[in-house]
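**Student:** Structure file data16.txt (compact mmCIF, N, CA and C atoms) is given on the next line.
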# COMPACT_ATOMS: atom_id res chain seq x y z
N MET A 1 81.52 69.36 149.77
CA MET A 1 82.56 68.34 149.82
C MET A 1 83.85 68.84 149.16
N ARG A 2 84.00 70.14 149.11
CA ARG A 2 85.19 70.70 148.46
C ARG A 2 86.48 70.17 149.06
N TRP A 3 86.50 69.92 150.35
CA TRP A 3 87.73 69.49 151.02
C TRP A 3 87.74 68.00 151.31
N TRP A 4 86.83 67.26 150.77
CA TRP A 4 86.75 65.82 151.02
C TRP A 4 87.65 65.07 150.05
N SER A 5 87.86 63.80 150.30
CA SER A 5 88.77 63.01 149.46
C SER A 5 88.08 62.46 148.22
N THR A 6 86.81 62.79 148.02
CA THR A 6 86.09 62.39 146.82
C THR A 6 85.26 63.59 146.34
N THR A 7 84.80 63.49 145.12
CA THR A 7 83.87 64.50 144.62
C THR A 7 82.52 64.28 145.29
N PRO A 8 81.62 65.27 145.25
CA PRO A 8 80.29 65.08 145.83
C PRO A 8 79.60 63.85 145.23
N HIS A 9 78.86 63.16 146.07
CA HIS A 9 78.12 61.99 145.60
C HIS A 9 77.04 62.43 144.62
N GLU A 10 76.92 61.68 143.55
CA GLU A 10 75.95 62.04 142.52
C GLU A 10 74.54 61.57 142.83
N THR A 11 74.41 60.57 143.72
CA THR A 11 73.09 60.04 144.05
C THR A 11 72.98 59.80 145.55
N ARG A 12 71.74 59.72 146.01
CA ARG A 12 71.49 59.36 147.41
C ARG A 12 71.97 57.94 147.69
N GLU A 13 71.87 57.09 146.68
CA GLU A 13 72.31 55.70 146.84
C GLU A 13 73.81 55.64 147.13
N LYS A 14 74.59 56.50 146.47
CA LYS A 14 76.03 56.55 146.71
C LYS A 14 76.32 57.00 148.15
N THR A 15 75.56 57.98 148.62
CA THR A 15 75.73 58.44 150.00
C THR A 15 75.33 57.34 150.98
N ALA A 16 74.24 56.65 150.69
CA ALA A 16 73.82 55.54 151.55
C ALA A 16 74.88 54.45 151.58
N GLU A 17 75.47 54.15 150.45
CA GLU A 17 76.54 53.16 150.35
C GLU A 17 77.74 53.60 151.20
N TRP A 18 78.09 54.87 151.13
CA TRP A 18 79.20 55.43 151.91
C TRP A 18 78.92 55.30 153.41
N LEU A 19 77.69 55.66 153.83
CA LEU A 19 77.32 55.54 155.23
C LEU A 19 77.35 54.09 155.69
N GLU A 20 76.83 53.20 154.87
CA GLU A 20 76.83 51.77 155.22
C GLU A 20 78.24 51.23 155.37
N SER A 21 79.17 51.66 154.51
CA SER A 21 80.55 51.19 154.62
C SER A 21 81.21 51.74 155.88
N MET A 22 80.86 52.95 156.26
CA MET A 22 81.38 53.53 157.48
C MET A 22 80.88 52.75 158.70
N ILE A 23 79.61 52.42 158.71
CA ILE A 23 79.01 51.69 159.82
C ILE A 23 79.57 50.26 159.88
N ALA A 24 79.83 49.66 158.73
CA ALA A 24 80.31 48.28 158.68
C ALA A 24 81.82 48.14 158.88
N ALA A 25 82.55 49.24 158.97
CA ALA A 25 84.01 49.17 159.10
C ALA A 25 84.41 48.41 160.35
N ALA A 26 85.52 47.71 160.26
CA ALA A 26 86.02 46.90 161.38
C ALA A 26 86.33 47.81 162.57
N PRO A 27 85.83 47.49 163.75
CA PRO A 27 86.07 48.33 164.92
C PRO A 27 87.54 48.41 165.33
N GLU A 28 88.35 47.47 164.89
CA GLU A 28 89.77 47.52 165.22
C GLU A 28 90.49 48.65 164.48
N THR A 29 89.95 49.05 163.34
CA THR A 29 90.63 50.04 162.51
C THR A 29 89.86 51.34 162.32
N SER A 30 88.61 51.38 162.75
CA SER A 30 87.76 52.54 162.49
C SER A 30 86.90 52.84 163.70
N ASP A 31 86.60 54.11 163.89
CA ASP A 31 85.73 54.54 164.99
C ASP A 31 85.03 55.82 164.56
N ASP A 32 84.03 55.70 163.70
CA ASP A 32 83.34 56.84 163.10
C ASP A 32 81.94 57.00 163.68
N PHE A 33 81.46 58.24 163.69
CA PHE A 33 80.13 58.55 164.20
C PHE A 33 79.44 59.52 163.26
N VAL A 34 78.13 59.35 163.09
CA VAL A 34 77.37 60.32 162.31
C VAL A 34 76.97 61.46 163.24
N ILE A 35 76.81 62.63 162.67
CA ILE A 35 76.34 63.80 163.41
C ILE A 35 74.91 64.05 162.95
N GLU A 36 74.00 64.13 163.91
CA GLU A 36 72.60 64.36 163.59
C GLU A 36 72.12 65.65 164.21
N ALA A 37 71.16 66.28 163.55
CA ALA A 37 70.46 67.45 164.10
C ALA A 37 69.01 67.33 163.68
N GLN A 38 68.13 67.39 164.64
CA GLN A 38 66.70 67.32 164.39
C GLN A 38 66.32 66.11 163.54
N GLY A 39 66.94 64.95 163.86
CA GLY A 39 66.63 63.71 163.17
C GLY A 39 67.21 63.56 161.78
N ARG A 40 68.11 64.46 161.41
CA ARG A 40 68.71 64.45 160.07
C ARG A 40 70.22 64.29 160.20
N VAL A 41 70.80 63.41 159.39
CA VAL A 41 72.26 63.27 159.37
C VAL A 41 72.82 64.51 158.68
N ILE A 42 73.72 65.21 159.40
CA ILE A 42 74.30 66.45 158.86
C ILE A 42 75.81 66.35 158.71
N GLY A 43 76.38 65.20 159.05
CA GLY A 43 77.81 65.05 158.89
C GLY A 43 78.32 63.81 159.58
N LYS A 44 79.65 63.77 159.71
CA LYS A 44 80.30 62.67 160.40
C LYS A 44 81.57 63.18 161.04
N ALA A 45 81.98 62.50 162.11
CA ALA A 45 83.23 62.83 162.78
C ALA A 45 83.77 61.53 163.37
N GLY A 46 85.05 61.35 163.29
CA GLY A 46 85.63 60.16 163.86
C GLY A 46 86.91 59.77 163.17
N PHE A 47 87.18 58.50 163.23
CA PHE A 47 88.44 57.97 162.74
C PHE A 47 88.17 56.93 161.68
N TRP A 48 88.21 57.38 160.44
CA TRP A 48 87.93 56.48 159.32
C TRP A 48 89.00 55.40 159.24
N ARG A 49 90.21 55.75 159.66
CA ARG A 49 91.31 54.80 159.74
C ARG A 49 92.18 55.28 160.90
N LEU A 50 92.04 54.62 162.03
CA LEU A 50 92.79 55.02 163.23
C LEU A 50 94.27 55.11 162.93
N PRO A 51 94.95 56.12 163.39
CA PRO A 51 94.55 57.21 164.29
C PRO A 51 94.17 58.50 163.57
N GLU A 52 93.83 58.43 162.27
CA GLU A 52 93.55 59.65 161.50
C GLU A 52 92.10 60.09 161.64
N ILE A 53 91.93 61.31 162.13
CA ILE A 53 90.59 61.86 162.34
C ILE A 53 90.07 62.43 161.02
N GLY A 54 88.77 62.38 160.86
CA GLY A 54 88.12 62.94 159.69
C GLY A 54 86.76 63.49 160.08
N TYR A 55 86.30 64.47 159.36
CA TYR A 55 85.02 65.08 159.69
C TYR A 55 84.49 65.82 158.48
N ILE A 56 83.17 65.90 158.45
CA ILE A 56 82.49 66.66 157.40
C ILE A 56 81.16 67.10 157.99
N LEU A 57 80.76 68.32 157.66
CA LEU A 57 79.54 68.88 158.21
C LEU A 57 78.83 69.67 157.11
N HIS A 58 77.53 69.48 157.01
CA HIS A 58 76.75 70.20 156.02
C HIS A 58 76.93 71.71 156.22
N PRO A 59 77.13 72.46 155.14
CA PRO A 59 77.38 73.91 155.26
C PRO A 59 76.29 74.68 156.01
N ASP A 60 75.05 74.20 155.99
CA ASP A 60 73.98 74.89 156.72
C ASP A 60 74.25 74.92 158.22
N TYR A 61 75.16 74.07 158.70
CA TYR A 61 75.43 73.96 160.13
C TYR A 61 76.81 74.51 160.52
N TRP A 62 77.51 75.10 159.58
CA TRP A 62 78.82 75.69 159.87
C TRP A 62 78.65 76.90 160.78
N GLY A 63 79.67 77.18 161.57
CA GLY A 63 79.69 78.37 162.40
C GLY A 63 78.87 78.28 163.67
N ARG A 64 78.41 77.10 164.04
CA ARG A 64 77.59 76.92 165.24
C ARG A 64 78.33 76.19 166.36
N GLY A 65 79.60 75.86 166.12
CA GLY A 65 80.36 75.14 167.15
C GLY A 65 80.15 73.64 167.13
N LEU A 66 79.38 73.14 166.16
CA LEU A 66 79.08 71.71 166.13
C LEU A 66 80.30 70.86 165.79
N ALA A 67 81.16 71.34 164.91
CA ALA A 67 82.37 70.58 164.57
C ALA A 67 83.30 70.50 165.78
N THR A 68 83.45 71.60 166.51
CA THR A 68 84.27 71.59 167.72
C THR A 68 83.70 70.60 168.73
N GLU A 69 82.39 70.65 168.93
CA GLU A 69 81.73 69.74 169.87
C GLU A 69 81.91 68.28 169.44
N ALA A 70 81.72 68.00 168.17
CA ALA A 70 81.84 66.63 167.68
C ALA A 70 83.27 66.12 167.79
N LEU A 71 84.24 66.93 167.37
CA LEU A 71 85.64 66.49 167.44
C LEU A 71 86.10 66.31 168.87
N THR A 72 85.67 67.19 169.76
CA THR A 72 86.02 67.03 171.17
C THR A 72 85.49 65.69 171.68
N ALA A 73 84.26 65.36 171.34
CA ALA A 73 83.67 64.10 171.80
C ALA A 73 84.40 62.89 171.23
N VAL A 74 84.72 62.91 169.95
CA VAL A 74 85.36 61.72 169.36
C VAL A 74 86.81 61.59 169.80
N ILE A 75 87.50 62.71 170.03
CA ILE A 75 88.87 62.62 170.54
C ILE A 75 88.84 62.10 171.98
N ASP A 76 87.94 62.63 172.80
CA ASP A 76 87.79 62.10 174.16
C ASP A 76 87.52 60.60 174.12
N HIS A 77 86.62 60.18 173.26
CA HIS A 77 86.25 58.77 173.14
C HIS A 77 87.46 57.92 172.77
N VAL A 78 88.18 58.30 171.72
CA VAL A 78 89.29 57.46 171.26
C VAL A 78 90.44 57.46 172.27
N MET A 79 90.66 58.58 172.95
CA MET A 79 91.72 58.62 173.96
C MET A 79 91.36 57.73 175.16
N ALA A 80 90.07 57.60 175.44
CA ALA A 80 89.62 56.78 176.57
C ALA A 80 89.54 55.29 176.23
N THR A 81 89.35 54.96 174.96
CA THR A 81 89.09 53.56 174.60
C THR A 81 90.18 52.90 173.79
N ARG A 82 91.15 53.66 173.31
CA ARG A 82 92.19 53.10 172.44
C ARG A 82 93.57 53.38 173.00
N ASP A 83 94.49 52.52 172.68
CA ASP A 83 95.88 52.72 173.07
C ASP A 83 96.60 53.42 171.92
N ILE A 84 96.25 54.69 171.74
CA ILE A 84 96.80 55.50 170.66
C ILE A 84 97.52 56.69 171.30
N ALA A 85 98.78 56.87 170.94
CA ALA A 85 99.58 57.95 171.52
C ALA A 85 99.26 59.29 170.88
N THR A 86 98.98 59.29 169.57
CA THR A 86 98.78 60.54 168.84
C THR A 86 97.63 60.39 167.84
N VAL A 87 96.77 61.38 167.79
CA VAL A 87 95.72 61.49 166.80
C VAL A 87 96.28 62.34 165.66
N THR A 88 95.99 61.96 164.41
CA THR A 88 96.53 62.68 163.26
C THR A 88 95.41 63.22 162.37
N ALA A 89 95.78 64.17 161.52
CA ALA A 89 94.83 64.73 160.54
C ALA A 89 95.59 65.10 159.28
N ASP A 90 94.92 64.97 158.14
CA ASP A 90 95.45 65.34 156.83
C ASP A 90 94.49 66.38 156.26
N VAL A 91 94.99 67.61 156.04
CA VAL A 91 94.13 68.72 155.64
C VAL A 91 94.68 69.40 154.39
N ASP A 92 93.81 69.77 153.48
CA ASP A 92 94.21 70.56 152.33
C ASP A 92 94.69 71.93 152.83
N PRO A 93 95.84 72.40 152.38
CA PRO A 93 96.36 73.70 152.85
C PRO A 93 95.42 74.87 152.62
N ALA A 94 94.52 74.77 151.66
CA ALA A 94 93.58 75.86 151.38
C ALA A 94 92.36 75.82 152.30
N ASN A 95 92.21 74.79 153.10
CA ASN A 95 91.05 74.65 153.98
C ASN A 95 91.33 75.35 155.31
N ALA A 96 91.28 76.67 155.27
CA ALA A 96 91.63 77.49 156.44
C ALA A 96 90.73 77.21 157.64
N ALA A 97 89.45 76.98 157.43
CA ALA A 97 88.53 76.74 158.55
C ALA A 97 88.91 75.45 159.29
N SER A 98 89.25 74.42 158.56
CA SER A 98 89.63 73.16 159.19
C SER A 98 90.96 73.30 159.94
N ILE A 99 91.88 74.03 159.37
CA ILE A 99 93.17 74.27 160.04
C ILE A 99 92.95 75.04 161.34
N ARG A 100 92.08 76.06 161.32
CA ARG A 100 91.77 76.81 162.54
C ARG A 100 91.13 75.91 163.59
N LEU A 101 90.20 75.06 163.17
CA LEU A 101 89.54 74.14 164.09
C LEU A 101 90.55 73.21 164.76
N LEU A 102 91.38 72.58 163.97
CA LEU A 102 92.37 71.66 164.53
C LEU A 102 93.32 72.39 165.48
N THR A 103 93.76 73.57 165.10
CA THR A 103 94.67 74.35 165.93
C THR A 103 94.01 74.72 167.26
N ARG A 104 92.74 75.12 167.21
CA ARG A 104 91.99 75.43 168.45
C ARG A 104 91.92 74.23 169.38
N LEU A 105 91.90 73.03 168.81
CA LEU A 105 91.81 71.81 169.61
C LEU A 105 93.18 71.31 170.07
N GLY A 106 94.24 72.01 169.70
CA GLY A 106 95.57 71.65 170.17
C GLY A 106 96.45 70.92 169.18
N PHE A 107 95.94 70.64 168.00
CA PHE A 107 96.75 69.98 166.97
C PHE A 107 97.90 70.91 166.55
N GLN A 108 99.02 70.30 166.20
CA GLN A 108 100.17 71.03 165.69
C GLN A 108 100.57 70.44 164.35
N GLN A 109 101.00 71.32 163.43
CA GLN A 109 101.42 70.83 162.12
C GLN A 109 102.69 70.02 162.25
N THR A 110 102.70 68.85 161.61
CA THR A 110 103.85 67.94 161.68
C THR A 110 104.53 67.74 160.33
N GLY A 111 103.89 68.20 159.25
CA GLY A 111 104.49 68.02 157.94
C GLY A 111 103.59 68.52 156.83
N ALA A 112 104.08 68.35 155.60
CA ALA A 112 103.34 68.78 154.41
C ALA A 112 103.80 67.94 153.23
N ALA A 113 102.93 67.80 152.24
CA ALA A 113 103.27 67.07 151.02
C ALA A 113 102.43 67.61 149.87
N THR A 114 102.95 67.46 148.67
CA THR A 114 102.21 67.91 147.49
C THR A 114 101.66 66.71 146.74
N ARG A 115 100.57 66.96 146.00
CA ARG A 115 99.95 65.97 145.12
C ARG A 115 99.68 64.65 145.87
N THR A 116 98.93 64.76 146.96
CA THR A 116 98.64 63.58 147.79
C THR A 116 97.28 62.95 147.50
N TRP A 117 96.35 63.74 147.01
CA TRP A 117 95.00 63.23 146.73
C TRP A 117 94.59 63.65 145.32
N LEU A 118 94.10 62.72 144.54
CA LEU A 118 93.56 63.02 143.22
C LEU A 118 92.04 63.01 143.36
N VAL A 119 91.43 64.19 143.31
CA VAL A 119 90.00 64.33 143.52
C VAL A 119 89.38 64.97 142.29
N GLY A 120 88.54 64.24 141.60
CA GLY A 120 87.90 64.78 140.41
C GLY A 120 88.88 65.21 139.34
N GLY A 121 90.00 64.51 139.24
CA GLY A 121 91.00 64.82 138.23
C GLY A 121 91.95 65.94 138.60
N VAL A 122 91.85 66.46 139.83
CA VAL A 122 92.71 67.55 140.30
C VAL A 122 93.54 67.06 141.47
N TRP A 123 94.85 67.30 141.41
CA TRP A 123 95.73 66.93 142.52
C TRP A 123 95.59 67.93 143.65
N MET A 124 95.46 67.41 144.87
CA MET A 124 95.37 68.24 146.07
C MET A 124 96.63 67.99 146.91
N ASP A 125 96.97 68.97 147.73
CA ASP A 125 98.12 68.86 148.62
C ASP A 125 97.63 68.54 150.03
N SER A 126 98.57 68.28 150.93
CA SER A 126 98.23 67.94 152.31
C SER A 126 99.12 68.67 153.30
N LEU A 127 98.50 69.08 154.40
CA LEU A 127 99.22 69.46 155.61
C LEU A 127 98.88 68.39 156.63
N TYR A 128 99.88 67.96 157.38
CA TYR A 128 99.67 66.91 158.38
C TYR A 128 99.73 67.52 159.77
N PHE A 129 98.83 67.07 160.62
CA PHE A 129 98.73 67.57 161.99
C PHE A 129 98.72 66.40 162.96
N GLY A 130 99.17 66.66 164.18
CA GLY A 130 99.14 65.64 165.22
C GLY A 130 98.74 66.25 166.56
N LEU A 131 98.16 65.41 167.40
CA LEU A 131 97.75 65.79 168.75
C LEU A 131 98.01 64.61 169.66
N ASP A 132 98.97 64.76 170.59
CA ASP A 132 99.26 63.64 171.49
C ASP A 132 98.43 63.75 172.77
N ARG A 133 98.42 62.68 173.54
CA ARG A 133 97.60 62.60 174.74
C ARG A 133 97.89 63.73 175.73
N ASP A 134 99.17 64.00 175.99
CA ASP A 134 99.51 65.03 176.97
C ASP A 134 99.02 66.40 176.52
N ARG A 135 99.20 66.71 175.26
CA ARG A 135 98.73 68.02 174.76
C ARG A 135 97.21 68.09 174.82
N TRP A 136 96.52 67.00 174.49
CA TRP A 136 95.06 66.98 174.58
C TRP A 136 94.61 67.25 176.01
N LYS A 137 95.23 66.57 176.97
CA LYS A 137 94.90 66.78 178.38
C LYS A 137 95.12 68.24 178.78
N SER A 138 96.22 68.84 178.32
CA SER A 138 96.50 70.24 178.69
C SER A 138 95.49 71.19 178.07
N PHE A 139 94.96 70.87 176.89
CA PHE A 139 93.96 71.72 176.27
C PHE A 139 92.60 71.54 176.93
N LYS A 140 92.37 70.37 177.50
CA LYS A 140 91.10 70.09 178.15
C LYS A 140 91.03 70.65 179.58
N THR A 141 92.20 70.86 180.18
CA THR A 141 92.25 71.36 181.56
C THR A 141 92.29 72.88 181.56
N PRO A 142 91.30 73.52 182.21
CA PRO A 142 91.28 75.01 182.21
C PRO A 142 92.42 75.58 183.05
Rewrite the coordinates I just gave you, this time as C-alpha cells.
**Tutor:**
Amino acid sequence: MRWWSTTPHETREKTAEWLESMIAAAPETSDDFVIEAQGRVIGKAGFWRLPEIGYILHPDYWGRGLATEALTAVIDHVMATRDIATVTADVDPANAASIRLLTRLGFQQTGAATRTWLVGGVWMDSLYFGLDRDRWKSFKTP
C-alpha cells in the first residue's frame, strides 16, 4: 500500500470495514469492483469517487497484466453506463509503474501539485491525469 492514500491496514477487520464501505457506497458517486483470483480478493479497481479512477493489486499479482485488464474493464463500464466526459487519476510522482499503466491506457498528464496527501505523517505529492471518451475510443480501436 505504498502508493495508497492510507497506511496499510493493521487488522483484517479494518480491511473488511474498508471493503464493506466500498460495497455500500452510493451508486451515484461510486463504481468500484473487487479483483479476485482463485477465490481470493487480490485488489480493487474502479471509481471510488466518480470520475476519479483508483486501483490496488496485491504485489504477488504484479506484472501479469491484471491491472491493465481490470482498468480496461472498468473504464469500458463507466464510459458505457455514465455520462462522464473524462476519467481522471491522481498518482504519486514516484509511482512509475502506475504512471506507465495509465499512459499505456491513453491517459495524459493534466497537472501536478505538492503536499496533497498526508499518509502516515508524510506529505505526498500528486500528478493528475485525464482520459476523455474520444481518446479512449482511439486507444481501443486497432
**Student:** Just to confirm, what's the straight-line distance from atom C of Ser98 of chain A to atom CA of Ile23 of chain A in Å (one decimal)?
**Tutor:**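 Between these atoms lies a distance of 24.7 Å.
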**Student:** As a ChimeraX atom specification, list the residues of chain A assigned to strand (DSSP E) by DSSP on the backbone atoms of this structure.
**Tutor:** /A:31-37,40-49,52-57,86-91,108-119,122-132
**Student:** In Å, how far is it from atom C of Thr72 of chain A to atom C of Ala113 of chain A?
**Tutor:** 27.7 Å
**Student:** For Arg135 of chain A, which residue among A:Val78, A:Val34, A:Ala67, A:Leu105 is the nearest when counting only C-alpha atoms?
**Tutor:** A:Leu105
**Student:** Using only C-alpha atoms, find all polymer residues with an atom at most 6 Å away from the point (93.2, 64.2, 165.0); report them as a compact mmCIF listing (two decimals) with N, CA and C atoms, keeping the file's coordinate frame.
**Tutor:**
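Below is the file that was written, point_3.txt:
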# COMPACT_ATOMS: atom_id res chain seq x y z
N GLU A 52 93.83 58.43 162.27
CA GLU A 52 93.55 59.65 161.50
C GLU A 52 92.10 60.09 161.64
N ILE A 53 91.93 61.31 162.13
CA ILE A 53 90.59 61.86 162.34
C ILE A 53 90.07 62.43 161.02
N VAL A 87 96.77 61.38 167.79
CA VAL A 87 95.72 61.49 166.80
C VAL A 87 96.28 62.34 165.66
N THR A 88 95.99 61.96 164.41
CA THR A 88 96.53 62.68 163.26
C THR A 88 95.41 63.22 162.37
N ALA A 89 95.78 64.17 161.52
CA ALA A 89 94.83 64.73 160.54
C ALA A 89 95.59 65.10 159.28
**Student:** Quick one, how far is atom CA of Ala25 of chain A from atom CA of Thr81 of chain A?
**Tutor:**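 Answer for the atom CA of Ala25 of chain A to atom CA of Thr81 of chain A separation: 16.9 Å.
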**Student:** Could you check the closest approach to Leu57 of chain A for each of A:Leu71, A:Ala16, A:Leu131, A:Ile84 and tell me which residue wins, using only C-alpha atoms?
**Tutor:**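 Nearest candidate to Leu57 of chain A out of A:Leu71, A:Ala16, A:Leu131, A:Ile84: A:Leu71.
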**Student:** I'd like to know which of A:Pro51, A:Phe139, A:Val91, A:Val41 is closest to Arg104 of chain A, using all atoms listed in the file.
**Tutor:**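 Closest to Arg104 of chain A of all the choices is A:Phe139.
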**Student:** So, counting all atoms listed in the file, which residue among A:Ala96, A:Ala85, A:Leu102, A:Val122 is closest to Asp134 of chain A?
**Tutor:**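 Among the listed residues, A:Ala85 lies closest to Asp134 of chain A.
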**Student:** Enumerate, as an NGL selection string, the complete set of residues in segment 13-135 of chain A that a backbone-based DSSP assignment places in alpha helix (DSSP H).
**Tutor:** :A and (13-24 or 66-81 or 96-104 or 133-135)
**Student:** Given only C-alpha atoms as the basis, pick out the residue of A:Pro59, A:Thr116, A:Leu66, A:Arg82 nearest to Thr29 of chain A.
**Tutor:**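 When distances to Thr29 of chain A are compared using only C-alpha atoms, the smallest one comes from A:Arg82.
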**Student:** Any idea what's packed within 6 Å of Ile35 of chain A, counting all atoms listed in the file, ignoring anything in its chain fewer than 4 positions away? Could you give it as a list of chain:residue names?
**Tutor:**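 Near Ile35 of chain A, the qualifying residues are A:Arg40, A:Val41, A:Ile42, A:Gly43, A:Lys44, A:Ala45.
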**Student:** Which residue is closest to Gly54 of chain A? Choose from A:Ala73, A:Lys14, A:Arg100, A:Asp90 and count all atoms listed in the file.
**Tutor:** A:Asp90
**Student:** Would you fill the gaps in segment 73-90 of chain A so it has N, CA, C and O atoms, then print it as a tab-separated table (two decimals), in the frame of the given file?
**Tutor:**
chain	number	residue	atom	x	y	z
A	73	ALA	N	84.26	65.36	171.34
A	73	ALA	CA	83.67	64.10	171.80
A	73	ALA	C	84.40	62.89	171.23
A	73	ALA	O	84.68	61.93	171.96
A	74	VAL	N	84.72	62.91	169.95
A	74	VAL	CA	85.36	61.72	169.36
A	74	VAL	C	86.81	61.59	169.80
A	74	VAL	O	87.30	60.47	169.98
A	75	ILE	N	87.50	62.71	170.03
A	75	ILE	CA	88.87	62.62	170.54
A	75	ILE	C	88.84	62.10	171.98
A	75	ILE	O	89.63	61.21	172.33
A	76	ASP	N	87.94	62.63	172.80
A	76	ASP	CA	87.79	62.10	174.16
A	76	ASP	C	87.52	60.60	174.12
A	76	ASP	O	88.12	59.82	174.88
A	77	HIS	N	86.62	60.18	173.26
A	77	HIS	CA	86.25	58.77	173.14
A	77	HIS	C	87.46	57.92	172.77
A	77	HIS	O	87.74	56.91	173.40
A	78	VAL	N	88.18	58.30	171.72
A	78	VAL	CA	89.29	57.46	171.26
A	78	VAL	C	90.44	57.46	172.27
A	78	VAL	O	91.09	56.43	172.47
A	79	MET	N	90.66	58.58	172.95
A	79	MET	CA	91.72	58.62	173.96
A	79	MET	C	91.36	57.73	175.16
A	79	MET	O	92.24	57.17	175.80
A	80	ALA	N	90.07	57.60	175.44
A	80	ALA	CA	89.62	56.78	176.57
A	80	ALA	C	89.54	55.29	176.23
A	80	ALA	O	89.65	54.45	177.12
A	81	THR	N	89.35	54.96	174.96
A	81	THR	CA	89.09	53.56	174.60
A	81	THR	C	90.18	52.90	173.79
A	81	THR	O	90.12	51.68	173.57
A	82	ARG	N	91.15	53.66	173.31
A	82	ARG	CA	92.19	53.10	172.44
A	82	ARG	C	93.57	53.38	173.00
A	82	ARG	O	93.80	54.40	173.64
A	83	ASP	N	94.49	52.52	172.68
A	83	ASP	CA	95.88	52.72	173.07
A	83	ASP	C	96.60	53.42	171.92
A	83	ASP	O	97.41	52.84	171.21
A	84	ILE	N	96.25	54.69	171.74
A	84	ILE	CA	96.80	55.50	170.66
A	84	ILE	C	97.52	56.69	171.30
A	84	ILE	O	96.94	57.42	172.10
A	85	ALA	N	98.78	56.87	170.94
A	85	ALA	CA	99.58	57.95	171.52
A	85	ALA	C	99.26	59.29	170.88
A	85	ALA	O	99.26	60.33	171.55
A	86	THR	N	98.98	59.29	169.57
A	86	THR	CA	98.78	60.54	168.84
A	86	THR	C	97.63	60.39	167.84
A	86	THR	O	97.56	59.39	167.13
A	87	VAL	N	96.77	61.38	167.79
A	87	VAL	CA	95.72	61.49	166.80
A	87	VAL	C	96.28	62.34	165.66
A	87	VAL	O	96.97	63.33	165.91
A	88	THR	N	95.99	61.96	164.41
A	88	THR	CA	96.53	62.68	163.26
A	88	THR	C	95.41	63.22	162.37
A	88	THR	O	94.27	62.78	162.46
A	89	ALA	N	95.78	64.17	161.52
A	89	ALA	CA	94.83	64.73	160.54
A	89	ALA	C	95.59	65.10	159.28
A	89	ALA	O	96.75	65.50	159.33
A	90	ASP	N	94.92	64.97	158.14
A	90	ASP	CA	95.45	65.34	156.83
A	90	ASP	C	94.49	66.38	156.26
A	90	ASP	O	93.31	66.09	156.04
